[in-house]
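Raw entry_18.txt, compact mmCIF, C-alpha atoms and all ligand atoms:
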```
# COMPACT_ATOMS: atom_id res chain seq x y z
CA MET Y 6 1.82 167.10 39.59
CA GLY Y 7 4.34 164.47 38.48
CA LEU Y 8 6.20 162.13 40.82
CA GLN Y 9 4.78 162.08 44.33
CA VAL Y 10 6.42 160.48 47.36
CA SER Y 11 4.60 157.64 49.08
CA GLY Y 12 4.04 158.89 52.61
CA ARG Y 13 6.48 160.39 55.08
CA PRO Y 14 10.22 159.87 54.66
CA ARG Y 15 11.89 157.56 57.19
CA LEU Y 16 15.10 158.90 58.66
CA GLY Y 17 17.59 157.13 60.87
CA ILE Y 18 18.92 159.29 63.70
CA SER Y 19 21.35 159.20 66.62
CA SER Y 20 18.88 158.81 69.53
CA CYS Y 21 20.40 161.52 71.72
CA LEU Y 22 19.37 164.15 69.14
CA LEU Y 23 15.70 163.42 69.85
CA GLY Y 24 16.15 163.96 73.59
CA GLU Y 25 16.77 160.35 74.62
CA LYS Y 26 18.99 160.25 77.72
CA VAL Y 27 21.57 157.92 76.23
CA ARG Y 28 24.80 159.93 76.35
CA PHE Y 29 27.91 158.97 78.31
CA ASN Y 30 26.89 161.43 81.04
CA GLY Y 31 23.26 160.28 81.19
CA GLY Y 32 22.10 163.34 79.27
CA HIS Y 33 20.85 164.05 75.75
CA LYS Y 34 21.50 166.47 72.89
CA ARG Y 35 17.97 167.30 71.86
CA ASP Y 36 17.91 169.39 68.70
CA ARG Y 37 14.74 171.49 68.43
CA TYR Y 38 14.83 171.78 64.66
CA LEU Y 39 14.89 168.01 64.32
CA THR Y 40 12.26 167.26 66.98
CA ASP Y 41 9.85 170.11 66.28
CA THR Y 42 10.16 170.97 62.57
CA LEU Y 43 11.61 168.09 60.57
CA GLY Y 44 10.10 165.59 63.02
CA ALA Y 45 6.60 166.82 62.16
CA LEU Y 46 7.09 165.62 58.58
CA CYS Y 47 9.14 162.43 58.86
CA ASP Y 48 9.29 159.19 60.85
CA TRP Y 49 12.43 158.58 62.89
CA VAL Y 50 14.30 155.32 63.35
CA MET Y 51 16.42 155.87 66.46
CA VAL Y 52 19.75 154.20 67.11
CA CYS Y 53 22.20 154.69 69.97
CA PRO Y 54 25.03 152.32 69.05
CA GLU Y 55 26.86 152.66 72.37
CA VAL Y 56 23.79 151.86 74.48
CA GLU Y 57 22.71 149.08 72.09
CA LEU Y 58 26.19 147.62 72.41
CA GLY Y 59 25.43 147.26 76.14
CA LEU Y 60 27.59 150.07 77.51
CA GLY Y 61 24.69 151.69 79.40
CA SER Y 62 24.12 155.35 80.25
CA PRO Y 63 25.92 156.89 82.05
CA ARG Y 64 29.12 155.15 80.89
CA GLU Y 65 32.81 155.80 80.47
CA THR Y 66 33.76 158.05 77.54
CA LEU Y 67 35.19 156.61 74.33
CA ARG Y 68 37.62 158.11 71.85
CA LEU Y 69 39.12 157.23 68.49
CA VAL Y 70 42.82 156.53 68.66
CA GLY Y 71 45.63 155.82 66.21
CA ASP Y 72 45.50 155.77 62.41
CA PRO Y 73 42.63 158.07 61.27
CA THR Y 74 41.85 155.73 58.37
CA GLN Y 75 41.50 152.73 60.70
CA PRO Y 76 41.13 154.09 64.21
CA ARG Y 77 40.64 152.07 67.37
CA LEU Y 78 37.73 152.78 69.71
CA HIS Y 79 39.32 153.15 73.09
CA GLU Y 80 37.89 153.63 76.59
CA PRO Y 81 40.63 155.64 78.36
CA ALA Y 82 39.34 155.23 81.93
CA THR Y 83 39.50 151.41 81.79
CA ASP Y 84 41.97 150.96 78.90
CA ILE Y 85 39.41 148.64 77.26
CA ASP Y 86 39.54 148.42 73.45
CA ARG Y 87 35.97 148.46 72.08
CA THR Y 88 36.98 148.41 68.41
CA ARG Y 89 36.16 144.81 67.50
CA ALA Y 90 32.88 144.78 69.46
CA MET Y 91 31.71 148.04 67.87
CA HIS Y 92 32.72 146.96 64.36
CA ARG Y 93 30.72 143.74 64.75
CA PHE Y 94 27.71 145.55 66.25
CA ALA Y 95 27.80 148.37 63.66
CA GLY Y 96 27.93 145.98 60.69
CA ASP Y 97 25.04 143.87 62.05
CA ARG Y 98 22.96 146.94 62.99
CA ALA Y 99 23.52 148.57 59.59
CA ARG Y 100 22.38 145.38 57.83
CA ALA Y 101 19.34 145.19 60.11
CA LEU Y 102 18.40 148.72 59.05
CA ARG Y 103 17.67 147.43 55.52
CA VAL Y 104 14.15 146.46 56.55
CA GLU Y 105 13.48 150.02 57.76
CA GLY Y 106 13.44 151.44 54.22
CA LEU Y 107 15.41 154.55 55.23
CA HIS Y 108 15.52 157.71 53.11
CA GLY Y 109 18.24 159.48 55.10
CA PHE Y 110 20.22 159.53 58.33
CA VAL Y 111 21.03 162.35 60.77
CA PHE Y 112 24.14 161.65 62.85
CA LYS Y 113 25.42 163.33 66.01
CA LYS Y 114 28.56 165.29 65.20
CA ASP Y 115 31.92 164.74 66.91
CA SER Y 116 30.99 161.34 68.35
CA PRO Y 117 33.60 158.54 67.99
CA THR Y 118 30.65 156.29 67.15
CA CYS Y 119 28.13 158.51 65.32
CA GLY Y 120 30.23 161.34 63.83
CA MET Y 121 30.25 161.37 60.02
CA ALA Y 122 33.47 163.33 59.53
CA ARG Y 123 36.04 165.48 61.32
CA VAL Y 124 35.89 163.39 64.50
CA LYS Y 125 38.92 163.75 66.79
CA VAL Y 126 41.40 160.91 66.47
CA TRP Y 127 43.92 160.90 69.33
CA HIS Y 128 47.55 159.99 68.84
CA GLU Y 129 48.50 156.63 70.36
CA SER Y 130 51.02 158.51 72.52
CA GLY Y 131 48.09 160.37 74.11
CA GLY Y 132 49.44 163.78 73.15
CA GLY Y 133 47.15 165.66 70.80
CA SER Y 134 44.52 164.78 68.22
CA GLU Y 135 43.53 165.46 64.62
CA ARG Y 136 40.00 166.00 63.33
CA LYS Y 137 40.23 163.38 60.61
CA GLY Y 138 38.09 160.50 61.88
CA VAL Y 139 34.71 158.94 61.13
CA GLY Y 140 32.65 157.33 63.89
CA LEU Y 141 32.57 153.55 63.59
CA PHE Y 142 28.79 153.24 63.38
CA ALA Y 143 28.42 156.13 60.92
CA ALA Y 144 31.09 154.53 58.72
CA ALA Y 145 29.22 151.20 58.73
CA VAL Y 146 25.91 152.87 57.76
CA MET Y 147 27.49 154.90 54.94
CA LYS Y 148 29.20 151.76 53.63
CA ALA Y 149 25.99 149.69 53.75
CA PHE Y 150 23.89 152.45 52.11
CA PRO Y 151 26.17 154.36 49.73
CA LEU Y 152 23.33 156.38 48.16
CA LEU Y 153 21.61 157.27 51.44
CA PRO Y 154 21.59 161.03 52.18
CA CYS Y 155 23.48 161.46 55.47
CA GLU Y 156 24.18 164.62 57.45
CA GLU Y 157 25.19 165.77 60.93
CA GLU Y 158 22.91 167.88 63.12
CA GLY Y 159 25.50 170.66 63.41
CA ARG Y 160 25.70 171.16 59.65
CA LEU Y 161 21.91 171.21 59.41
CA HIS Y 162 21.98 174.63 61.10
CA ASP Y 163 23.57 176.00 57.94
CA MET Y 164 20.63 176.88 55.67
CA PRO Y 165 22.07 175.86 52.27
CA LEU Y 166 23.30 172.55 53.75
CA ARG Y 167 19.92 171.95 55.40
CA GLU Y 168 18.08 172.67 52.17
CA ASN Y 169 20.46 170.38 50.27
CA PHE Y 170 20.04 167.50 52.73
CA ILE Y 171 16.25 167.67 52.80
CA GLU Y 172 16.01 167.94 49.03
CA ARG Y 173 18.24 164.85 48.74
CA VAL Y 174 16.04 162.95 51.21
CA PHE Y 175 12.91 163.57 49.14
CA CYS Y 176 14.72 162.84 45.86
CA TYR Y 177 15.98 159.56 47.31
CA GLN Y 178 12.49 158.69 48.47
CA ARG Y 179 11.14 159.27 44.95
CA TRP Y 180 14.03 157.19 43.60
CA ARG Y 181 13.24 154.26 45.91
CA ASP Y 182 9.50 154.56 45.20
CA SER Y 183 10.23 154.41 41.47
CA PHE Y 184 12.72 151.54 41.39
CA ASP Y 185 12.72 149.42 44.56
CA LYS Y 186 9.91 147.19 43.34
CA ARG Y 187 9.59 147.89 39.61
CA VAL Y 188 12.37 148.06 37.05
CA ARG Y 189 10.91 149.70 33.96
CA ARG Y 190 12.55 151.73 31.27
CA GLY Y 191 9.61 154.16 31.19
CA ASN Y 192 10.05 154.86 34.92
CA LEU Y 193 13.64 155.99 34.38
CA VAL Y 194 12.64 158.26 31.50
CA ALA Y 195 9.83 159.78 33.60
CA PHE Y 196 12.15 160.17 36.61
CA HIS Y 197 14.81 161.93 34.55
CA THR Y 198 12.24 164.21 32.92
CA ALA Y 199 10.71 165.21 36.27
CA HIS Y 200 14.13 166.03 37.78
CA LYS Y 201 15.52 168.04 34.87
CA LEU Y 202 15.31 171.46 36.56
CA THR Y 203 16.35 170.05 39.94
CA LEU Y 204 19.48 168.59 38.37
CA MET Y 205 20.19 171.78 36.42
CA ALA Y 206 20.16 173.72 39.71
CA HIS Y 207 22.86 171.39 41.07
CA SER Y 208 24.95 170.62 38.01
CA PRO Y 209 24.12 171.13 34.33
CA VAL Y 210 27.15 168.93 33.52
CA ARG Y 211 25.82 166.03 35.59
CA TYR Y 212 22.37 166.54 34.07
CA ARG Y 213 23.85 166.01 30.60
CA GLU Y 214 25.80 162.93 31.76
CA LEU Y 215 22.64 161.42 33.22
CA GLY Y 216 20.84 162.24 29.97
CA ARG Y 217 23.39 160.11 28.14
CA ILE Y 218 22.50 157.11 30.35
CA VAL Y 219 18.82 157.60 29.52
CA ALA Y 220 19.53 158.07 25.78
CA ALA Y 221 21.51 154.80 25.68
CA LEU Y 222 18.83 152.73 27.44
CA GLY Y 223 18.57 149.27 25.92
CA THR Y 224 22.26 148.80 25.16
CA ARG Y 225 22.92 146.95 28.45
CA PRO Y 226 20.76 145.27 31.11
CA LEU Y 227 18.21 147.76 32.47
CA ARG Y 228 19.17 147.10 36.11
CA GLU Y 229 22.74 148.22 35.33
CA ASP Y 230 21.47 151.47 33.80
CA ILE Y 231 19.22 152.12 36.76
CA ASP Y 232 21.99 151.48 39.29
CA ALA Y 233 24.44 153.68 37.37
CA TYR Y 234 21.83 156.44 37.08
CA GLY Y 235 20.97 156.25 40.81
CA GLU Y 236 24.59 156.53 41.84
CA GLN Y 237 25.31 159.52 39.59
CA PHE Y 238 21.97 161.16 40.39
CA MET Y 239 22.57 161.16 44.15
CA GLU Y 240 26.17 162.29 43.60
CA ALA Y 241 24.97 165.22 41.47
CA LEU Y 242 22.59 166.34 44.20
CA ARG Y 243 25.43 166.53 46.70
CA LEU Y 244 26.79 169.49 44.71
CA LEU Y 245 25.21 172.57 46.26
CA ALA Y 246 22.70 174.48 44.15
CA THR Y 247 24.03 178.04 43.89
CA ARG Y 248 22.30 181.39 43.30
CA ARG Y 249 23.82 181.49 39.81
CA LYS Y 250 22.54 178.02 38.87
CA HIS Y 251 19.09 178.74 40.34
CA THR Y 252 19.03 181.95 38.28
CA ASN Y 253 19.72 179.97 35.09
CA VAL Y 254 16.90 177.59 35.95
CA LEU Y 255 14.51 180.47 36.66
CA GLN Y 256 15.40 182.11 33.33
CA HIS Y 257 14.76 178.76 31.64
CA ILE Y 258 11.33 178.65 33.30
CA ALA Y 259 10.62 182.25 32.30
CA GLY Y 260 11.12 181.14 28.68
CA TYR Y 261 8.02 178.95 29.00
CA PHE Y 262 5.88 181.99 29.70
CA LYS Y 263 7.38 184.18 26.97
CA ARG Y 264 4.38 184.00 24.67
CA LYS Y 265 1.78 183.43 27.37
CA ILE Y 266 2.16 186.53 29.55
CA ASP Y 267 2.13 190.19 28.53
CA SER Y 268 5.17 192.43 28.45
CA ASP Y 269 4.49 194.00 31.91
CA ASP Y 270 4.37 190.54 33.47
CA ARG Y 271 7.48 189.48 31.57
CA THR Y 272 9.34 192.54 32.86
CA GLU Y 273 8.14 191.91 36.40
CA LEU Y 274 9.27 188.25 36.27
CA ALA Y 275 12.67 189.15 34.79
CA GLY Y 276 13.15 191.84 37.48
CA CYS Y 277 12.22 189.39 40.20
CA ILE Y 278 14.75 186.85 38.93
CA GLU Y 279 17.36 189.62 38.75
CA ASP Y 280 16.58 190.62 42.38
CA TYR Y 281 17.10 187.01 43.41
CA HIS Y 282 20.37 186.83 41.49
CA ALA Y 283 21.56 190.03 43.19
CA GLY Y 284 20.75 188.55 46.60
CA SER Y 285 17.99 191.07 47.44
CA VAL Y 286 15.24 188.45 47.79
CA PRO Y 287 15.21 184.72 48.64
CA LEU Y 288 14.41 181.98 46.13
CA ILE Y 289 10.82 181.71 47.30
CA VAL Y 290 10.03 185.15 45.80
CA PRO Y 291 10.61 184.39 42.08
CA LEU Y 292 9.21 180.87 42.60
CA THR Y 293 5.96 182.26 43.99
CA LEU Y 294 5.60 184.45 40.91
CA VAL Y 295 6.39 181.47 38.66
CA ARG Y 296 3.71 179.38 40.40
CA HIS Y 297 1.23 182.23 39.99
CA HIS Y 298 1.82 182.33 36.22
CA LEU Y 299 1.72 178.53 36.05
CA ARG Y 300 -1.74 178.49 37.65
CA ARG Y 301 -3.00 180.92 35.02
CA HIS Y 302 -1.15 179.24 32.14
CA PRO Y 303 -0.90 175.51 32.90
CA ASP Y 304 1.98 173.61 31.32
CA ALA Y 305 2.18 169.84 31.83
CA TRP Y 306 5.98 169.65 31.59
CA LEU Y 307 6.59 172.46 34.07
CA GLU Y 308 3.96 171.13 36.47
CA CYS Y 309 5.72 167.77 36.65
CA GLN Y 310 9.07 169.33 37.59
CA THR Y 311 10.11 168.38 41.13
CA TYR Y 312 12.02 171.67 41.21
CA LEU Y 313 8.72 173.47 41.83
CA HIS Y 314 7.70 171.20 44.73
CA PRO Y 315 10.84 169.46 46.05
CA TYR Y 316 9.61 168.91 49.64
CA PRO Y 317 6.68 170.00 51.84
CA ALA Y 318 6.25 173.78 51.71
CA GLU Y 319 5.89 173.87 55.54
CA LEU Y 320 9.65 173.44 55.82
CA MET Y 321 9.98 176.94 54.28
CA LEU Y 322 13.56 176.21 53.21
CA ARG Y 323 13.41 178.38 50.13
CA ASN Y 324 12.70 181.40 52.30
CA HIS Y 325 16.32 181.17 53.42
CA VAL Y 326 18.36 180.37 50.28
S1 LIG N 1 26.19 160.22 69.72
FE1 LIG N 1 25.50 158.18 69.15
S2 LIG N 1 26.44 156.82 70.62
FE2 LIG N 1 26.60 158.88 71.45
S3 LIG N 1 24.79 159.11 72.74
FE3 LIG N 1 24.26 159.91 70.75
S4 LIG N 1 23.33 158.18 69.71
FE4 LIG N 1 24.45 157.34 71.45
```
How does the structure come out when it is put into structure tokens?
Amino acid sequence: MGLQVSGRPRLGISSCLLGEKVRFNGGHKRDRYLTDTLGALCDWVMVCPEVELGLGSPRETLRLVGDPTQPRLHEPATDIDRTRAMHRFAGDRARALRVEGLHGFVFKKDSPTCGMARVKVWHESGGGSERKGVGLFAAAVMKAFPLLPCEEEGRLHDMPLRENFIERVFCYQRWRDSFDKRVRRGNLVAFHTAHKLTLMAHSPVRYRELGRIVAALGTRPLREDIDAYGEQFMEALRLLATRRKHTNVLQHIAGYFKRKIDSDDRTELAGCIEDYHAGSVPLIVPLTLVRHHLRRHPDAWLECQTYLHPYPAELMLRNHV
């Protein structure tokens, strides 16, 4: 079945999301989807930057203040500036995470420490705020691991964003499995081949650009090609797969069965793809029919496509997109 992942993905997470009582008010922000569903299939690496910095729980609240591109971390109740201490801690903690072999990170939204985007940054004058900031710890992690799939728990309640994040996590895990220890030309060719339909569902343009890197293998040091491919591959996956692009991929797949199934089955498959395109059925419906035909008419190339098994089926993500 093509490229398999080696074991469960390892995801970093803001500790409060798993129910740890680490918040400023001594409480938590347990997220049931993360603890009960995603947690059943991954291993968590918990971090609470504010508690690990020694601020305790409960503690005074913090806020970002000043220039949104370089905000200060301020504790209004005491007027203490925590910026330098948090920057030093966040850089050290992010580096220490290298040994964890992470495949993704789920951050707590809106936090001046953990928020990935749109965090409130207060004006120095104290009057008003803009949602333009990034939490200091989240910024350090994203800088240390530029390819790492990162998302906030709030956005994971949006089905297409959830599906996109989890697909990226498993793609990144396959990427690390393929290239962390071995650097072989054949591995890159096999990786690109196995992700053809996945890439087409996100961006046919990026798929062709990545194909050019693979076609030119050998003209520069292999490590450079692999790094360039990895960067563009993860960037391509950030583009959301749409119903229209999935439909193109499904029609491409249907082409493989053209001479193998009879005309009634061909009509049924085409109708099913059309129903998906029209929004009457979720993606899982045409894919189930495709898998049925693939069992009866095996095809080595199709079977190796990660598009047909992007993540554990238990997550049931394709029932909702
Ligand atoms: S958002 Fe981050 S810093 Fe705040 S309680 Fe949660 S893990 Fe700790």
So which residues are near ligand LIG 1 (chain N), meaning at most 8 Å away with only C-alpha atoms and all ligand atoms counted, given back as a count of residues only? 26
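The two atoms in question, CA of Thr74 in chain Y and CA of Gly138 in chain Y, are spaced 7.0 Å apart.
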Thr66 in chain Y environment, 12 Å, only C-alpha atoms, sequence neighbours closer than 5 positions dropped, as a PyMOL selection string: chain Y and resi 28-31+55+60-61+78-87+116-118
Spatial neighbours of range 271-286 of chain Y, 8 Å, all atoms listed in the file, chain gap at least 3 places, as a PyMOL selection string: chain Y and resi 248-249+252+255-256+259+262-263+266-268+290-291+294-295
Same residues, C-alpha atoms, saved as a compact mmCIF listing (two decimals), in the frame of the given file:
```
# COMPACT_ATOMS: atom_id res chain seq x y z
CA ARG Y 248 22.30 181.39 43.30
CA ARG Y 249 23.82 181.49 39.81
CA THR Y 252 19.03 181.95 38.28
CA LEU Y 255 14.51 180.47 36.66
CA GLN Y 256 15.40 182.11 33.33
CA ALA Y 259 10.62 182.25 32.30
CA PHE Y 262 5.88 181.99 29.70
CA LYS Y 263 7.38 184.18 26.97
CA ILE Y 266 2.16 186.53 29.55
CA ASP Y 267 2.13 190.19 28.53
CA SER Y 268 5.17 192.43 28.45
CA VAL Y 290 10.03 185.15 45.80
CA PRO Y 291 10.61 184.39 42.08
CA LEU Y 294 5.60 184.45 40.91
CA VAL Y 295 6.39 181.47 38.66
```
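Taking CA of Lys125 in chain Y as the reference point, CA of Gln75 in chain Y is found at 12.9 Å.
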Suppose you want the space between CA of His162 in chain Y and CA of Thr247 in chain Y; what is it in Å? 17.7 Å
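Among the candidate residues Y:Arg243, Y:Leu69, Y:Arg190, Y:Gly59, the one lying nearest to Val174 in chain Y is Y:Arg243, with distances computed using only C-alpha atoms.
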Padding 8 Å on each side, edges along x, y and z: where is the centre of the box around the listed atoms of range 209-227 of chain Y, and how long are its edges in Å to one decimal? Output it as AutoDock Vina command-line options.
```
--center_x 22.7 --center_y 158.2 --center_z 30.4 --size_x 24.9 --size_y 41.9 --size_z 26.4
```
Any idea what's packed within 8 Å of range 306-314 of chain Y, counting all atoms listed in the file, ignoring anything in its chain fewer than 2 positions away? Could you give it as number ranges by chain? Y: 6-8, 198-203, 258, 292, 296, 299, 303-304, 316-318
Among listed residues Y:His325, Y:Arg136, Y:His108, Y:Arg123, nearest Asp182 in chain Y (using all atoms listed in the file): Y:His108
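Take the candidates Y:Arg37, Y:Arg217, Y:His197, Y:His302 and check each one against Arg179 in chain Y using all atoms listed in the file; the shortest distance goes to Y:His197.
Using all atoms listed in the file, the protein and nucleic acid residues lying no more than 10 Å from Gly109 in chain Y, apart from those fewer than 2 places from it along its own chain, are Pro14, Arg15, Leu16, Gly17, Ile18, Trp49, Gly106, Leu107, Val111, Phe112, Phe150, Leu152, Leu153, Pro154, Cys155, Glu156, Phe170, Ile171, Arg173, Val174, Phe175, Tyr177 and Gln178 of chain Y.
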Extract, using all atoms listed in the file, all DNA, RNA and protein residues at most 10 Å from Arg77 in chain Y, discarding same-chain residues fewer than 4 positions from it, and format them as a ChimeraX atom specification. /Y:67-73,86-89,91-92,117,126-127,129,141
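Distance cut-off 12 Å, centre (22.8, 173.5, 54.3), atoms counted all atoms listed in the file; the residues meeting this are Glu156, Glu157, Glu158, Gly159, Arg160, Leu161, His162, Asp163, Met164, Pro165, Leu166, Arg167, Glu168, Asn169, Phe170, Ile171, Glu172, Arg173, Arg243, Leu244, Leu245, Ala246, Thr247, Leu322, Arg323, His325 and Val326 of chain Y.
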Would you mind exporting the chosen residues as a short mmCIF file (atom, residue, chain, number, x, y, z; two decimals), in the frame of the given file, restricted to C-alpha atoms?
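So the final result, stored in selection02.cif, reads:
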```
data_model
loop_
_atom_site.label_atom_id
_atom_site.label_comp_id
_atom_site.auth_asym_id
_atom_site.auth_seq_id
_atom_site.Cartn_x
_atom_site.Cartn_y
_atom_site.Cartn_z
CA GLU Y 156 24.18 164.62 57.45
CA GLU Y 157 25.19 165.77 60.93
CA GLU Y 158 22.91 167.88 63.12
CA GLY Y 159 25.50 170.66 63.41
CA ARG Y 160 25.70 171.16 59.65
CA LEU Y 161 21.91 171.21 59.41
CA HIS Y 162 21.98 174.63 61.10
CA ASP Y 163 23.57 176.00 57.94
CA MET Y 164 20.63 176.88 55.67
CA PRO Y 165 22.07 175.86 52.27
CA LEU Y 166 23.30 172.55 53.75
CA ARG Y 167 19.92 171.95 55.40
CA GLU Y 168 18.08 172.67 52.17
CA ASN Y 169 20.46 170.38 50.27
CA PHE Y 170 20.04 167.50 52.73
CA ILE Y 171 16.25 167.67 52.80
CA GLU Y 172 16.01 167.94 49.03
CA ARG Y 173 18.24 164.85 48.74
CA ARG Y 243 25.43 166.53 46.70
CA LEU Y 244 26.79 169.49 44.71
CA LEU Y 245 25.21 172.57 46.26
CA ALA Y 246 22.70 174.48 44.15
CA THR Y 247 24.03 178.04 43.89
CA LEU Y 322 13.56 176.21 53.21
CA ARG Y 323 13.41 178.38 50.13
CA HIS Y 325 16.32 181.17 53.42
CA VAL Y 326 18.36 180.37 50.28
#
```
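Ranking Y:Val254, Y:Leu43, Y:Val104, Y:Val210 by their shortest atom-to-atom distance to Gln237 in chain Y, with all atoms listed in the file included, puts Y:Val210 first.
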